file work.txt (compact mmCIF, N, CA and C atoms)
# COMPACT_ATOMS: atom_id res chain seq x y z
N VAL A 26 0.84 -1.18 0.00
CA VAL A 26 0.00 0.00 0.00
C VAL A 26 0.88 1.24 0.00
N GLN A 27 0.45 2.24 -0.73
CA GLN A 27 1.16 3.53 -0.74
C GLN A 27 0.31 4.56 0.01
N LEU A 28 0.98 5.29 0.86
CA LEU A 28 0.29 6.31 1.65
C LEU A 28 0.78 7.70 1.26
N GLN A 29 -0.12 8.62 1.20
CA GLN A 29 0.22 10.00 0.87
C GLN A 29 -0.50 10.93 1.81
N ALA A 30 0.29 11.73 2.52
CA ALA A 30 -0.29 12.73 3.43
C ALA A 30 -0.34 14.07 2.72
N PHE A 31 -1.40 14.80 2.94
CA PHE A 31 -1.50 16.14 2.37
C PHE A 31 -2.40 16.99 3.25
N GLY A 32 -2.39 18.28 2.98
CA GLY A 32 -3.19 19.20 3.77
C GLY A 32 -2.39 20.12 4.67
N GLY A 33 -1.06 19.97 4.66
CA GLY A 33 -0.23 20.84 5.47
C GLY A 33 -0.22 22.26 4.93
N GLY A 34 0.42 23.14 5.67
CA GLY A 34 0.50 24.53 5.25
C GLY A 34 1.07 25.39 6.35
N SER A 35 0.96 26.68 6.15
CA SER A 35 1.45 27.65 7.14
C SER A 35 0.28 28.38 7.75
N VAL A 36 0.23 28.39 9.08
CA VAL A 36 -0.85 29.06 9.79
C VAL A 36 -0.26 29.81 10.97
N GLN A 37 -1.05 30.70 11.51
CA GLN A 37 -0.63 31.41 12.72
C GLN A 37 -1.03 30.63 13.95
N SER A 38 -0.36 30.92 15.03
CA SER A 38 -0.67 30.29 16.31
C SER A 38 -2.16 30.45 16.61
N GLY A 39 -2.77 29.36 17.05
CA GLY A 39 -4.20 29.37 17.32
C GLY A 39 -5.04 28.91 16.15
N GLY A 40 -4.42 28.77 15.00
CA GLY A 40 -5.13 28.37 13.81
C GLY A 40 -5.38 26.87 13.76
N PHE A 41 -5.88 26.41 12.61
CA PHE A 41 -6.19 24.99 12.47
C PHE A 41 -5.86 24.51 11.06
N LEU A 42 -5.65 23.23 10.99
CA LEU A 42 -5.42 22.54 9.71
C LEU A 42 -6.03 21.15 9.80
N ARG A 43 -6.36 20.60 8.67
CA ARG A 43 -6.85 19.23 8.61
C ARG A 43 -5.98 18.46 7.64
N LEU A 44 -5.28 17.46 8.15
CA LEU A 44 -4.45 16.62 7.33
C LEU A 44 -5.23 15.39 6.89
N SER A 45 -4.91 14.92 5.71
CA SER A 45 -5.51 13.70 5.20
C SER A 45 -4.40 12.74 4.80
N CYS A 46 -4.69 11.47 4.91
CA CYS A 46 -3.76 10.42 4.50
C CYS A 46 -4.54 9.43 3.66
N ALA A 47 -4.22 9.39 2.38
CA ALA A 47 -4.93 8.51 1.47
C ALA A 47 -4.08 7.30 1.14
N ALA A 48 -4.70 6.14 1.16
CA ALA A 48 -4.03 4.89 0.82
C ALA A 48 -4.40 4.48 -0.60
N SER A 49 -3.42 3.99 -1.32
CA SER A 49 -3.67 3.51 -2.68
C SER A 49 -2.86 2.24 -2.91
N GLY A 50 -3.27 1.48 -3.90
CA GLY A 50 -2.57 0.23 -4.17
C GLY A 50 -2.85 -0.85 -3.16
N GLY A 51 -3.88 -0.65 -2.37
CA GLY A 51 -4.25 -1.61 -1.34
C GLY A 51 -5.24 -0.96 -0.40
N THR A 52 -5.55 -1.65 0.67
CA THR A 52 -6.49 -1.09 1.62
C THR A 52 -5.90 -1.09 3.02
N SER A 53 -6.19 -0.03 3.77
CA SER A 53 -5.71 0.08 5.14
C SER A 53 -6.83 -0.12 6.14
N THR A 54 -7.97 -0.58 5.66
CA THR A 54 -9.15 -0.63 6.52
C THR A 54 -9.01 -1.59 7.69
N SER A 55 -8.12 -2.58 7.60
CA SER A 55 -7.97 -3.56 8.68
C SER A 55 -6.72 -3.32 9.52
N TYR A 56 -6.17 -2.13 9.40
CA TYR A 56 -4.94 -1.81 10.13
C TYR A 56 -5.12 -0.55 10.97
N THR A 57 -4.47 -0.57 12.13
CA THR A 57 -4.33 0.65 12.90
C THR A 57 -3.53 1.64 12.05
N MET A 58 -3.93 2.89 12.11
CA MET A 58 -3.21 3.94 11.38
C MET A 58 -2.71 4.97 12.37
N GLY A 59 -1.55 5.52 12.06
CA GLY A 59 -0.97 6.49 12.97
C GLY A 59 -0.46 7.72 12.26
N TRP A 60 -0.37 8.80 13.02
CA TRP A 60 0.27 10.03 12.56
C TRP A 60 1.51 10.26 13.43
N PHE A 61 2.58 10.63 12.77
CA PHE A 61 3.83 10.96 13.44
C PHE A 61 4.31 12.28 12.89
N ARG A 62 5.22 12.91 13.63
CA ARG A 62 5.79 14.17 13.13
C ARG A 62 7.27 14.24 13.48
N GLN A 63 7.97 15.00 12.69
CA GLN A 63 9.39 15.19 12.93
C GLN A 63 9.75 16.64 12.67
N ALA A 64 10.23 17.29 13.71
CA ALA A 64 10.68 18.67 13.60
C ALA A 64 12.17 18.69 13.29
N PRO A 65 12.67 19.76 12.69
CA PRO A 65 14.10 19.84 12.36
C PRO A 65 14.97 19.60 13.58
N GLY A 66 15.93 18.70 13.43
CA GLY A 66 16.87 18.42 14.50
C GLY A 66 16.32 17.56 15.61
N LYS A 67 15.09 17.07 15.45
CA LYS A 67 14.48 16.25 16.49
C LYS A 67 14.11 14.88 15.94
N GLU A 68 13.92 13.94 16.85
CA GLU A 68 13.50 12.60 16.44
C GLU A 68 12.01 12.59 16.10
N ARG A 69 11.66 11.63 15.30
CA ARG A 69 10.25 11.46 14.96
C ARG A 69 9.48 11.10 16.22
N GLU A 70 8.30 11.69 16.36
CA GLU A 70 7.51 11.41 17.55
C GLU A 70 6.08 11.03 17.18
N PHE A 71 5.51 10.22 18.02
CA PHE A 71 4.13 9.78 17.86
C PHE A 71 3.18 10.95 18.11
N VAL A 72 2.15 11.04 17.29
CA VAL A 72 1.15 12.09 17.47
C VAL A 72 -0.20 11.48 17.86
N ALA A 73 -0.68 10.55 17.03
CA ALA A 73 -2.00 9.97 17.28
C ALA A 73 -2.13 8.66 16.51
N ALA A 74 -3.02 7.81 16.99
CA ALA A 74 -3.30 6.56 16.30
C ALA A 74 -4.78 6.24 16.44
N ILE A 75 -5.27 5.49 15.49
CA ILE A 75 -6.67 5.07 15.51
C ILE A 75 -6.74 3.60 15.14
N ALA A 76 -7.48 2.85 15.90
CA ALA A 76 -7.62 1.42 15.63
C ALA A 76 -8.35 1.19 14.32
N TRP A 77 -8.21 0.00 13.80
CA TRP A 77 -8.84 -0.31 12.50
C TRP A 77 -10.36 -0.20 12.58
N THR A 78 -10.91 -0.39 13.76
CA THR A 78 -12.35 -0.27 13.94
C THR A 78 -12.82 1.18 13.92
N GLY A 79 -11.88 2.08 14.15
CA GLY A 79 -12.24 3.49 14.25
C GLY A 79 -12.78 3.88 15.61
N ILE A 80 -12.85 2.93 16.52
CA ILE A 80 -13.45 3.18 17.83
C ILE A 80 -12.43 3.70 18.84
N THR A 81 -11.26 3.12 18.84
CA THR A 81 -10.24 3.47 19.83
C THR A 81 -9.20 4.40 19.24
N THR A 82 -8.88 5.44 19.99
CA THR A 82 -7.84 6.38 19.57
C THR A 82 -6.87 6.61 20.71
N ARG A 83 -5.69 7.07 20.33
CA ARG A 83 -4.67 7.41 21.34
C ARG A 83 -3.92 8.63 20.86
N TYR A 84 -3.54 9.50 21.79
CA TYR A 84 -2.86 10.74 21.45
C TYR A 84 -1.63 10.97 22.32
N ALA A 85 -0.68 11.66 21.76
CA ALA A 85 0.44 12.14 22.56
C ALA A 85 -0.10 13.21 23.51
N ASP A 86 0.48 13.28 24.69
CA ASP A 86 0.01 14.28 25.67
C ASP A 86 0.08 15.69 25.11
N SER A 87 1.06 15.95 24.27
CA SER A 87 1.26 17.30 23.75
C SER A 87 0.16 17.77 22.81
N VAL A 88 -0.63 16.83 22.28
CA VAL A 88 -1.68 17.22 21.33
C VAL A 88 -3.07 16.87 21.81
N LYS A 89 -3.14 16.20 22.95
CA LYS A 89 -4.44 15.78 23.47
C LYS A 89 -5.34 16.99 23.67
N ASP A 90 -6.59 16.83 23.33
CA ASP A 90 -7.61 17.88 23.44
C ASP A 90 -7.48 18.97 22.37
N ARG A 91 -6.47 18.88 21.52
CA ARG A 91 -6.35 19.83 20.42
C ARG A 91 -6.46 19.14 19.06
N PHE A 92 -5.96 17.91 18.97
CA PHE A 92 -5.97 17.17 17.72
C PHE A 92 -7.00 16.04 17.81
N THR A 93 -7.58 15.70 16.67
CA THR A 93 -8.52 14.59 16.59
C THR A 93 -8.21 13.74 15.37
N ILE A 94 -8.00 12.47 15.60
CA ILE A 94 -7.76 11.53 14.50
C ILE A 94 -9.06 10.81 14.19
N SER A 95 -9.31 10.59 12.92
CA SER A 95 -10.51 9.88 12.50
C SER A 95 -10.19 9.15 11.20
N ARG A 96 -11.09 8.29 10.80
CA ARG A 96 -10.88 7.55 9.55
C ARG A 96 -12.20 7.33 8.84
N ALA A 97 -12.10 7.26 7.54
CA ALA A 97 -13.25 6.93 6.68
C ALA A 97 -12.82 5.72 5.87
N ASN A 98 -13.12 4.55 6.37
CA ASN A 98 -12.66 3.33 5.71
C ASN A 98 -13.21 3.19 4.30
N ALA A 99 -14.39 3.70 4.08
CA ALA A 99 -14.97 3.62 2.74
C ALA A 99 -14.14 4.41 1.73
N LYS A 100 -13.40 5.40 2.23
CA LYS A 100 -12.55 6.21 1.36
C LYS A 100 -11.08 5.85 1.51
N ASN A 101 -10.79 4.86 2.38
CA ASN A 101 -9.40 4.46 2.59
C ASN A 101 -8.55 5.66 3.02
N THR A 102 -9.12 6.48 3.89
CA THR A 102 -8.47 7.74 4.26
C THR A 102 -8.53 7.94 5.77
N VAL A 103 -7.44 8.48 6.30
CA VAL A 103 -7.35 8.83 7.71
C VAL A 103 -7.12 10.33 7.80
N TYR A 104 -7.71 10.94 8.81
CA TYR A 104 -7.62 12.39 8.96
C TYR A 104 -6.97 12.77 10.29
N LEU A 105 -6.43 13.95 10.33
CA LEU A 105 -5.94 14.52 11.58
C LEU A 105 -6.38 15.98 11.61
N GLN A 106 -7.39 16.25 12.44
CA GLN A 106 -7.86 17.62 12.63
C GLN A 106 -7.01 18.26 13.71
N MET A 107 -6.35 19.35 13.37
CA MET A 107 -5.44 20.00 14.31
C MET A 107 -5.97 21.39 14.61
N ASN A 108 -6.37 21.60 15.84
CA ASN A 108 -6.89 22.89 16.29
C ASN A 108 -5.94 23.53 17.29
N SER A 109 -6.13 24.80 17.53
CA SER A 109 -5.31 25.54 18.49
C SER A 109 -3.83 25.26 18.29
N LEU A 110 -3.40 25.37 17.07
CA LEU A 110 -2.02 25.05 16.73
C LEU A 110 -1.04 25.99 17.43
N LYS A 111 0.10 25.44 17.78
CA LYS A 111 1.16 26.17 18.47
C LYS A 111 2.43 26.11 17.63
N PRO A 112 3.34 27.05 17.82
CA PRO A 112 4.60 27.00 17.07
C PRO A 112 5.34 25.68 17.26
N GLU A 113 5.23 25.08 18.41
CA GLU A 113 5.92 23.81 18.66
C GLU A 113 5.30 22.64 17.91
N ASP A 114 4.18 22.86 17.25
CA ASP A 114 3.59 21.83 16.39
C ASP A 114 4.23 21.81 15.01
N THR A 115 5.09 22.77 14.73
CA THR A 115 5.76 22.84 13.45
C THR A 115 6.60 21.59 13.21
N ALA A 116 6.34 20.90 12.11
CA ALA A 116 7.04 19.65 11.80
C ALA A 116 6.54 19.12 10.46
N VAL A 117 7.21 18.08 10.02
CA VAL A 117 6.70 17.31 8.88
C VAL A 117 5.85 16.18 9.47
N TYR A 118 4.60 16.11 9.03
CA TYR A 118 3.67 15.11 9.54
C TYR A 118 3.54 13.98 8.52
N SER A 119 3.66 12.76 9.01
CA SER A 119 3.55 11.58 8.16
C SER A 119 2.54 10.61 8.74
N CYS A 120 1.90 9.89 7.85
CA CYS A 120 0.98 8.84 8.29
C CYS A 120 1.64 7.48 8.06
N ALA A 121 1.17 6.49 8.79
CA ALA A 121 1.77 5.17 8.70
C ALA A 121 0.74 4.10 9.01
N GLU A 122 1.00 2.92 8.48
CA GLU A 122 0.11 1.78 8.66
C GLU A 122 0.76 0.76 9.58
N ASP A 123 -0.01 0.25 10.51
CA ASP A 123 0.46 -0.77 11.46
C ASP A 123 0.99 -2.00 10.73
N ARG A 124 1.98 -2.64 11.30
CA ARG A 124 2.49 -3.90 10.73
C ARG A 124 1.53 -5.05 11.00
N MET A 125 0.70 -4.89 12.04
CA MET A 125 -0.14 -5.99 12.49
C MET A 125 -1.55 -5.82 11.95
N LEU A 126 -2.08 -6.87 11.38
CA LEU A 126 -3.44 -6.86 10.87
C LEU A 126 -4.42 -6.98 12.04
N VAL A 127 -5.47 -6.19 11.99
CA VAL A 127 -6.53 -6.18 13.00
C VAL A 127 -6.00 -6.26 14.43
N ARG A 128 -5.06 -5.38 14.74
CA ARG A 128 -4.53 -5.30 16.10
C ARG A 128 -5.68 -5.05 17.06
N ALA A 129 -5.65 -5.77 18.18
CA ALA A 129 -6.68 -5.59 19.22
C ALA A 129 -6.26 -4.45 20.13
N GLY A 130 -6.98 -3.37 20.10
CA GLY A 130 -6.69 -2.25 20.98
C GLY A 130 -5.49 -1.45 20.52
N LEU A 131 -5.13 -0.46 21.32
CA LEU A 131 -3.97 0.39 21.05
C LEU A 131 -3.08 0.38 22.30
N PRO A 132 -1.99 -0.38 22.26
CA PRO A 132 -1.11 -0.43 23.43
C PRO A 132 -0.57 0.94 23.80
N SER A 133 -0.34 1.16 25.07
CA SER A 133 0.17 2.45 25.51
C SER A 133 1.58 2.72 25.01
N ASP A 134 2.31 1.66 24.66
CA ASP A 134 3.67 1.83 24.17
C ASP A 134 3.77 1.75 22.66
N LEU A 135 2.66 1.94 21.98
CA LEU A 135 2.65 1.94 20.52
C LEU A 135 3.62 3.01 20.02
N ASN A 136 4.51 2.59 19.10
CA ASN A 136 5.48 3.57 18.60
C ASN A 136 5.80 3.29 17.14
N SER A 137 6.71 4.04 16.59
CA SER A 137 6.98 3.99 15.16
C SER A 137 7.43 2.62 14.69
N THR A 138 8.06 1.83 15.55
CA THR A 138 8.53 0.51 15.14
C THR A 138 7.38 -0.46 14.89
N ASP A 139 6.19 -0.11 15.36
CA ASP A 139 5.02 -0.95 15.13
C ASP A 139 4.41 -0.70 13.75
N PHE A 140 4.88 0.30 13.07
CA PHE A 140 4.30 0.69 11.78
C PHE A 140 5.25 0.36 10.65
N GLY A 141 4.71 -0.25 9.59
CA GLY A 141 5.57 -0.73 8.52
C GLY A 141 5.50 0.06 7.24
N SER A 142 4.37 0.64 6.93
CA SER A 142 4.23 1.41 5.69
C SER A 142 4.11 2.88 6.03
N TRP A 143 4.96 3.68 5.40
CA TRP A 143 5.00 5.10 5.69
C TRP A 143 4.73 5.91 4.42
N GLY A 144 4.02 6.99 4.60
CA GLY A 144 3.76 7.87 3.48
C GLY A 144 4.68 9.07 3.49
N ARG A 145 4.77 9.73 2.36
CA ARG A 145 5.53 10.97 2.30
C ARG A 145 4.79 12.01 3.13
N GLY A 146 5.54 12.75 3.91
CA GLY A 146 4.94 13.68 4.85
C GLY A 146 4.50 14.99 4.23
N THR A 147 3.85 15.77 5.06
CA THR A 147 3.40 17.10 4.65
C THR A 147 3.84 18.11 5.72
N GLN A 148 4.33 19.24 5.27
CA GLN A 148 4.90 20.22 6.18
C GLN A 148 3.80 21.06 6.84
N VAL A 149 3.90 21.19 8.15
CA VAL A 149 3.03 22.07 8.91
C VAL A 149 3.90 23.10 9.59
N THR A 150 3.63 24.36 9.35
CA THR A 150 4.40 25.44 9.95
C THR A 150 3.45 26.38 10.69
N VAL A 151 3.73 26.58 11.97
CA VAL A 151 2.89 27.45 12.79
C VAL A 151 3.73 28.62 13.27
N SER A 152 3.32 29.80 12.93
CA SER A 152 4.06 31.00 13.32
C SER A 152 3.40 31.67 14.52
N SER A 153 4.23 32.30 15.33
CA SER A 153 3.71 32.94 16.55
C SER A 153 3.22 34.35 16.26

call {"tool": "encode", "arguments": {"input": "work.txt", "output": "structure tokens"}}
result
Amino acid sequence: VQLQAFGGGSVQSGGFLRLSCAASGGTSTSYTMGWFRQAPGKEREFVAAIAWTGITTRYADSVKDRFTISRANAKNTVYLQMNSLKPEDTAVYSCAEDRMLVRAGLPSDLNSTDFGSWGRGTQVTVSS
């Protein structure tokens, strides 16, 4: 499966963006999907994940209550609604597909090594 993230851009602090991740060449409907980000000079970090059922979600503490992950399996697409953006949210955001088919739940230690397919990221820049 090929993943492509889009929807990034430049916004002012307090603004919002909605990222989309479209899957092609296969289906991601039976896989947990995740969003990660990497800022210049920093390691990639987990942002949010959503179970294949769409019922369970998990967020990094830094984005909790500001970001919302969702999925539309009929469209093979995962979304990340980002509200109340802060300058520290500036990064390249990438989506990824879990290595495990129909994973039960979302472990608290879910991290990038659990994801096998990665899409090209989209730049998000938040100015103060």

call {"tool": "select_by_dssp", "arguments": {"input": "work.txt", "residues": "chain A", "states": "helix (DSSP H, G or I)", "output": "PyMOL selection string"}}
result
chain A and resi 98-100+112-114+137-139

call {"tool": "closest_residue", "arguments": {"input": "work.txt", "among": "A:Tyr104, A:Ala97, A:Ala64, A:Ile80", "to": "Ser45 (chain A)", "atoms": "only N, CA and C atoms"}}
result
A:Tyr104

call {"tool": "atom_distance", "arguments": {"input": "work.txt", "atom1": "atom N of Asn136 (chain A)", "atom2": "atom C of Ala85 (chain A)"}}
result
12.4 Å

call {"tool": "residues_around", "arguments": {"input": "work.txt", "residues": "Ser153 (chain A)", "least_positions_apart": "5", "cutoff": "6 Å", "atoms": "only N, CA and C atoms", "output": "list in words"}}
result
Gln37, Ser38 and Pro112 of chain A

call {"tool": "closest_residue", "arguments": {"input": "work.txt", "among": "A:Val103, A:Arg62, A:Thr57, A:Thr78", "to": "Gly146 (chain A)", "atoms": "only C-alpha atoms"}}
result
A:Arg62

call {"tool": "closest_residue", "arguments": {"input": "work.txt", "among": "A:Pro65, A:Trp60, A:Gly141, A:Leu28", "to": "Glu113 (chain A)", "atoms": "only C-alpha atoms"}}
result
A:Pro65

call {"tool": "atom_distance", "arguments": {"input": "work.txt", "atom1": "atom N of Ile75 (chain A)", "atom2": "atom C of Val36 (chain A)"}}
result
25.2 Å

call {"tool": "closest_residue", "arguments": {"input": "work.txt", "among": "A:Gly66, A:Gly50, A:Gly144, A:Gly79", "to": "Val26 (chain A)", "atoms": "only C-alpha atoms"}}
result
A:Gly50

call {"tool": "closest_residue", "arguments": {"input": "work.txt", "among": "A:Ser87, A:Cys46, A:Thr115, A:Ala73", "to": "Thr102 (chain A)", "atoms": "only N, CA and C atoms"}}
result
A:Cys46

call {"tool": "select_by_dssp", "arguments": {"input": "work.txt", "residues": "chain A", "states": "strand (DSSP E or B)", "output": "PyMOL selection string"}}
result
chain A and resi 27-31+34-37+42-49+56-63+70-75+82-84+92-97+102-107+116-126+140-143+145+147-152

call {"tool": "closest_residue", "arguments": {"input": "work.txt", "among": "A:Tyr118, A:Tyr56, A:Phe61, A:Tyr84", "to": "Val149 (chain A)", "atoms": "all atoms listed in the file"}}
result
A:Tyr118

call {"tool": "residues_around", "arguments": {"input": "work.txt", "residues": "Thr54 (chain A)", "least_positions_apart": "4", "cutoff": "8 Å", "atoms": "only C-alpha atoms", "output": "count of residues only"}}
result
3

call {"tool": "atom_distance", "arguments": {"input": "work.txt", "atom1": "CA of Leu126 (chain A)", "atom2": "CA of Ser142 (chain A)"}}
result
12.4 Å

call {"tool": "residues_near_point", "arguments": {"input": "work.txt", "point": "(8.6, 5.1, 15.4)", "cutoff": "7 Å", "atoms": "only N, CA and C atoms", "output": "ChimeraX atom specification"}}
result
/A:69-71,136-140

call {"tool": "residues_around", "arguments": {"input": "work.txt", "residues": "Gly39 (chain A)", "least_positions_apart": "3", "cutoff": "6.5 Å", "atoms": "all atoms listed in the file", "output": "list in words"}}
result
Asn108, Ser109, Leu110 and Lys111 of chain A

call {"tool": "build_atoms", "arguments": {"input": "work.txt", "residues": "region 104-118 of chain A", "atoms": "N, CA, C and O atoms", "output": "PDB file, in the frame of the given file"}}
result
ATOM      1  N   TYR A 104      -7.710  10.940   8.810  1.00  0.00           N
ATOM      2  CA  TYR A 104      -7.620  12.390   8.960  1.00  0.00           C
ATOM      3  C   TYR A 104      -6.970  12.770  10.290  1.00  0.00           C
ATOM      4  O   TYR A 104      -7.015  12.003  11.266  1.00  0.00           O
ATOM      5  N   LEU A 105      -6.430  13.950  10.330  1.00  0.00           N
ATOM      6  CA  LEU A 105      -5.940  14.520  11.580  1.00  0.00           C
ATOM      7  C   LEU A 105      -6.380  15.980  11.610  1.00  0.00           C
ATOM      8  O   LEU A 105      -5.851  16.815  10.878  1.00  0.00           O
ATOM      9  N   GLN A 106      -7.390  16.250  12.440  1.00  0.00           N
ATOM     10  CA  GLN A 106      -7.860  17.620  12.630  1.00  0.00           C
ATOM     11  C   GLN A 106      -7.010  18.260  13.710  1.00  0.00           C
ATOM     12  O   GLN A 106      -6.950  17.749  14.835  1.00  0.00           O
ATOM     13  N   MET A 107      -6.350  19.350  13.370  1.00  0.00           N
ATOM     14  CA  MET A 107      -5.440  20.000  14.310  1.00  0.00           C
ATOM     15  C   MET A 107      -5.970  21.390  14.610  1.00  0.00           C
ATOM     16  O   MET A 107      -6.015  22.246  13.720  1.00  0.00           O
ATOM     17  N   ASN A 108      -6.370  21.600  15.840  1.00  0.00           N
ATOM     18  CA  ASN A 108      -6.890  22.890  16.290  1.00  0.00           C
ATOM     19  C   ASN A 108      -5.940  23.530  17.290  1.00  0.00           C
ATOM     20  O   ASN A 108      -5.071  22.856  17.839  1.00  0.00           O
ATOM     21  N   SER A 109      -6.130  24.800  17.530  1.00  0.00           N
ATOM     22  CA  SER A 109      -5.310  25.540  18.490  1.00  0.00           C
ATOM     23  C   SER A 109      -3.830  25.260  18.290  1.00  0.00           C
ATOM     24  O   SER A 109      -3.091  24.951  19.231  1.00  0.00           O
ATOM     25  N   LEU A 110      -3.400  25.370  17.070  1.00  0.00           N
ATOM     26  CA  LEU A 110      -2.020  25.050  16.730  1.00  0.00           C
ATOM     27  C   LEU A 110      -1.040  25.990  17.430  1.00  0.00           C
ATOM     28  O   LEU A 110      -1.325  27.189  17.613  1.00  0.00           O
ATOM     29  N   LYS A 111       0.100  25.440  17.780  1.00  0.00           N
ATOM     30  CA  LYS A 111       1.160  26.170  18.470  1.00  0.00           C
ATOM     31  C   LYS A 111       2.430  26.110  17.630  1.00  0.00           C
ATOM     32  O   LYS A 111       2.609  25.179  16.835  1.00  0.00           O
ATOM     33  N   PRO A 112       3.340  27.050  17.820  1.00  0.00           N
ATOM     34  CA  PRO A 112       4.600  27.000  17.070  1.00  0.00           C
ATOM     35  C   PRO A 112       5.340  25.680  17.260  1.00  0.00           C
ATOM     36  O   PRO A 112       6.002  25.203  16.322  1.00  0.00           O
ATOM     37  N   GLU A 113       5.230  25.080  18.410  1.00  0.00           N
ATOM     38  CA  GLU A 113       5.920  23.810  18.660  1.00  0.00           C
ATOM     39  C   GLU A 113       5.300  22.640  17.910  1.00  0.00           C
ATOM     40  O   GLU A 113       5.837  21.525  17.937  1.00  0.00           O
ATOM     41  N   ASP A 114       4.180  22.860  17.250  1.00  0.00           N
ATOM     42  CA  ASP A 114       3.590  21.830  16.390  1.00  0.00           C
ATOM     43  C   ASP A 114       4.230  21.810  15.010  1.00  0.00           C
ATOM     44  O   ASP A 114       3.938  20.930  14.195  1.00  0.00           O
ATOM     45  N   THR A 115       5.090  22.770  14.730  1.00  0.00           N
ATOM     46  CA  THR A 115       5.760  22.840  13.450  1.00  0.00           C
ATOM     47  C   THR A 115       6.600  21.590  13.210  1.00  0.00           C
ATOM     48  O   THR A 115       7.460  21.250  14.031  1.00  0.00           O
ATOM     49  N   ALA A 116       6.340  20.900  12.110  1.00  0.00           N
ATOM     50  CA  ALA A 116       7.040  19.650  11.800  1.00  0.00           C
ATOM     51  C   ALA A 116       6.540  19.120  10.460  1.00  0.00           C
ATOM     52  O   ALA A 116       5.569  19.635   9.903  1.00  0.00           O
ATOM     53  N   VAL A 117       7.210  18.080  10.020  1.00  0.00           N
ATOM     54  CA  VAL A 117       6.700  17.310   8.880  1.00  0.00           C
ATOM     55  C   VAL A 117       5.850  16.180   9.470  1.00  0.00           C
ATOM     56  O   VAL A 117       6.333  15.401  10.291  1.00  0.00           O
ATOM     57  N   TYR A 118       4.600  16.110   9.030  1.00  0.00           N
ATOM     58  CA  TYR A 118       3.670  15.110   9.540  1.00  0.00           C
ATOM     59  C   TYR A 118       3.540  13.980   8.520  1.00  0.00           C
ATOM     60  O   TYR A 118       3.308  14.226   7.328  1.00  0.00           O
TER      61      TYR A 118
END
